[in-house]
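The structure appears right after this line, and notes come after that.
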Amino acid sequence: MHASIRRVAAIAALCVAPFATAQDWPTQPIRWIVPYPAGGGSDVVARTVASTLEKSLGQTIVVENRPGAATIIGATAVAQATPNGDMVGTADSGTLAYNPSLYAKLSYDPDKFTYIGGLAKLPLLLAVNVNSPYKTVADVLAAARATPGKLTAASAGSGSPHHLALELFKQRTGVDLLHVPYKGAAPAIQDLLGGQVDMMFIDLAAGLPNVKAGKLRVLGAATPQRLPVLPDVPTMAEQGVGDFTAYAWQGVVGPAGLPDAVVKKFSADLQKTLSLPEVAGKLQDMGVIPMPMSPAEFKAYAEQERRMWAGVIRKANIRLE
């Protein structure tokens with residue numbers, strides 16, 4: 001009889017233990033994987049948010065950079081982590097929306113992450129050198145139609161948000177522009193400034209300093225409404241390019257099977273942190289729009305984006321190895 005009672009008690013303890021652990025979380029420093037190099041935009045966003053978020057969570061957050069392979073290295077590390085809340089990671093539009101269509105095989109499954117919440121989005125803008133003869137989107141379209149395939153458009157690399165925004169632009173307008181991929185946004189913008197390429201879809205964070213300095217002219221925003229930071233820049237829709245919205249975006253995910261209590265606490269504190277004026281202000285000064293979302297909202301948004309960009313990638317016949 002006593003042995004049976006002990007067995008029942010042991011089973012009950014095993015059932016309760018994970019819940020108790022989740023309720024007590026976090027009990028040790030949290031590792032936040034960023035799939036990009038230190039000092040880049042995604043890294044700065046993570047560190048800006050983490051420095052405030054760790055205060056509400058009551059535990060240190062260590063930002064760890066795992067760059068390479070179009071975020072696949074970092075995403076795989078998060079996917080393979082123990083699901084106890086000690087490791088999470090930044091997952092962006094590439095990780096969750098583009099890569100499943102760009103690559104024949106992936107070492108992670110975007111559907112199997114535990115979605116924790118939205119983080120930030122970066123509007124994409126069509127920009128030219130300030131000395132360019134093109135003053136409007138209509139000017140670009142007219143020149144592209146007069147000389148198909150002659151105008152050049154830089155990107156941060158094949159399969160990047162900048163590249164896919166370009167492909168979407170081509171598909172929505174029917175023009176032929178020559179894609180010139182670079183290894184990162186910085187060298188692409190440098191050549192745009194130098195006049196080596198005609199145009200580029202820049203993200204607001206990377207391009208804003210040069211726009212403010214009067215070195216780049218923004219012709220149109222791929223956003224539903226005009227941006228408060230650039231109120232004089234019309235949207236693509238205002239210039240006749242309909243159904244054209246493009247952001248680089250990111251959120252926070254964990255491995256499959258994170259306890260509900262961990263997800264609820266992390267997500268609630270993340271959304272609260274992103275809504276703080278001091279945090280939102282820092283991000284907005286960088287050209288980044290805070291994107292607080294619940295786990296369900298973020299997962300639905302990522303799935304919607306994956307479906308939309310899959311069609312763009314398929315039509316453009318883009319495949320990466």
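Lettering and numbering for the structure tokens are positional, with chains as A, B, ... in the shown order, residues counted from 1 in each chain, and ligands counted from 1 in the shown order.
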Got a sec: who's within 10 Å of Gln271 (chain A), counting only C-alpha atoms, leaving out chain neighbours fewer than 5 positions off, as a ChimeraX atom specification?
-> /A:53,116-119,266,276,290-294
Please write the residues from the selection above to a file, keeping N, CA, C and O atoms, as a CSV table (one decimal), in the first residue's frame.
chain,number,residue,atom,x,y,z
A,53,LEU,N,14.1,44.9,-21.0
A,53,LEU,CA,13.3,43.7,-20.7
A,53,LEU,C,13.9,42.9,-19.6
A,53,LEU,O,13.1,42.4,-18.8
A,116,ILE,N,6.8,33.9,-29.7
A,116,ILE,CA,6.7,34.6,-28.5
A,116,ILE,C,6.1,36.0,-28.7
A,116,ILE,O,5.3,36.4,-27.9
A,117,GLY,N,6.5,36.7,-29.7
A,117,GLY,CA,5.9,38.0,-30.0
A,117,GLY,C,6.7,38.8,-31.0
A,117,GLY,O,7.8,38.5,-31.4
A,118,GLY,N,6.0,39.8,-31.6
A,118,GLY,CA,6.6,40.7,-32.6
A,118,GLY,C,7.6,41.6,-31.9
A,118,GLY,O,7.6,41.8,-30.7
A,119,LEU,N,8.6,42.1,-32.7
A,119,LEU,CA,9.6,42.9,-32.2
A,119,LEU,C,9.7,44.3,-32.9
A,119,LEU,O,9.5,45.3,-32.3
A,266,PHE,N,7.1,36.0,-20.9
A,266,PHE,CA,8.0,36.6,-21.8
A,266,PHE,C,7.3,37.5,-22.8
A,266,PHE,O,7.7,38.7,-23.0
A,276,LEU,N,7.0,51.1,-24.0
A,276,LEU,CA,7.6,52.1,-23.1
A,276,LEU,C,8.1,53.3,-24.0
A,276,LEU,O,8.8,53.0,-25.0
A,290,PRO,N,8.5,49.9,-33.6
A,290,PRO,CA,8.2,48.8,-32.7
A,290,PRO,C,7.0,48.0,-33.2
A,290,PRO,O,6.0,48.6,-33.7
A,291,MET,N,7.0,46.7,-33.0
A,291,MET,CA,5.9,45.8,-33.5
A,291,MET,C,5.5,44.9,-32.4
A,291,MET,O,5.7,43.7,-32.5
A,292,PRO,N,4.9,45.4,-31.3
A,292,PRO,CA,4.4,44.5,-30.3
A,292,PRO,C,3.3,43.7,-30.8
A,292,PRO,O,2.3,44.2,-31.3
A,293,MET,N,3.4,42.4,-30.6
A,293,MET,CA,2.3,41.4,-31.0
A,293,MET,C,2.3,40.3,-30.0
A,293,MET,O,3.3,39.9,-29.5
A,294,SER,N,1.1,39.7,-29.8
A,294,SER,CA,1.0,38.5,-29.0
A,294,SER,C,1.6,37.4,-29.8
A,294,SER,O,1.8,37.4,-31.0
Polymer residues at most 10 Å from Thr82 (chain A), only C-alpha atoms, same-chain spacing of 2 or more positions, as a list in words |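 In the requested format, the answer is Val78, Ala79, Gln80, Asn84, Gly85, Asp86, Met87, Gly254, Pro255, Ala256, Gly257 and Leu258 of chain A.
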Quick one, how far is CA of Lys112 (chain A) from CA of Glu64 (chain A)?
->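 It comes out at 21.7 Å.
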Sorted per-residue table, region 67-148 of chain A near region 160-183 of chain A, closest atoms and distance, 12 Å, only C-alpha atoms, as a Markdown table:
| residue | atom | partner | partner_atom | distance |
| --- | --- | --- | --- | --- |
| A:Gly68 | CA | A:Lys183 | CA | 11.6 |
| A:Ala69 | CA | A:Ser160 | CA | 11.7 |
| A:Ala70 | CA | A:Ser160 | CA | 8.4 |
| A:Thr71 | CA | A:Ser160 | CA | 10.8 |
| A:Asp92 | CA | A:Pro161 | CA | 10.0 |
| A:Ser93 | CA | A:Pro161 | CA | 7.5 |
| A:Gly94 | CA | A:Ser160 | CA | 7.0 |
| A:Thr95 | CA | A:Ser160 | CA | 10.6 |
| A:Ala97 | CA | A:Pro161 | CA | 10.2 |
| A:Tyr98 | CA | A:Ser160 | CA | 8.4 |
| A:Asn99 | CA | A:Ser160 | CA | 9.8 |
| A:Ser101 | CA | A:Leu164 | CA | 11.9 |
| A:Leu102 | CA | A:Ser160 | CA | 10.4 |
| A:Lys121 | CA | A:Pro161 | CA | 11.4 |
| A:Leu122 | CA | A:Pro161 | CA | 9.9 |
| A:Pro123 | CA | A:Pro161 | CA | 10.1 |
| A:Leu124 | CA | A:His162 | CA | 7.3 |
| A:Leu125 | CA | A:His162 | CA | 9.0 |
| A:Leu126 | CA | A:Leu166 | CA | 8.7 |
| A:Ala127 | CA | A:His162 | CA | 11.2 |
| A:Val137 | CA | A:Thr173 | CA | 10.5 |
| A:Ala138 | CA | A:Thr173 | CA | 10.5 |
| A:Val140 | CA | A:Val175 | CA | 9.5 |
| A:Leu141 | CA | A:Val175 | CA | 6.9 |
| A:Ala142 | CA | A:Val175 | CA | 9.2 |
| A:Ala143 | CA | A:Val175 | CA | 9.5 |
| A:Ala144 | CA | A:Val175 | CA | 6.1 |
| A:Arg145 | CA | A:Val175 | CA | 6.2 |
| A:Ala146 | CA | A:Val175 | CA | 9.8 |
| A:Thr147 | CA | A:Asp176 | CA | 8.6 |
| A:Pro148 | CA | A:Asp176 | CA | 5.2 |
Near-Ala237 (chain A) list (10 Å; only C-alpha atoms; drop same-chain fewer than 3 positions) as a PyMOL selection string | chain A and resi 220-225+234+240-245
Quick one: everything within 7 Å of Pro29 (chain A), counting only C-alpha atoms, minus sequence neighbours fewer than 6 positions away in the same chain. Send it as number ranges by chain.
-> A: 59-62, 86
Rank nothing, just name the residue among A:Asp260, A:Asp191, A:Asp109, A:Glu238 nearest to Leu216 (chain A), using only C-alpha atoms.
->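 The closest residue to Leu216 (chain A) is A:Asp191.
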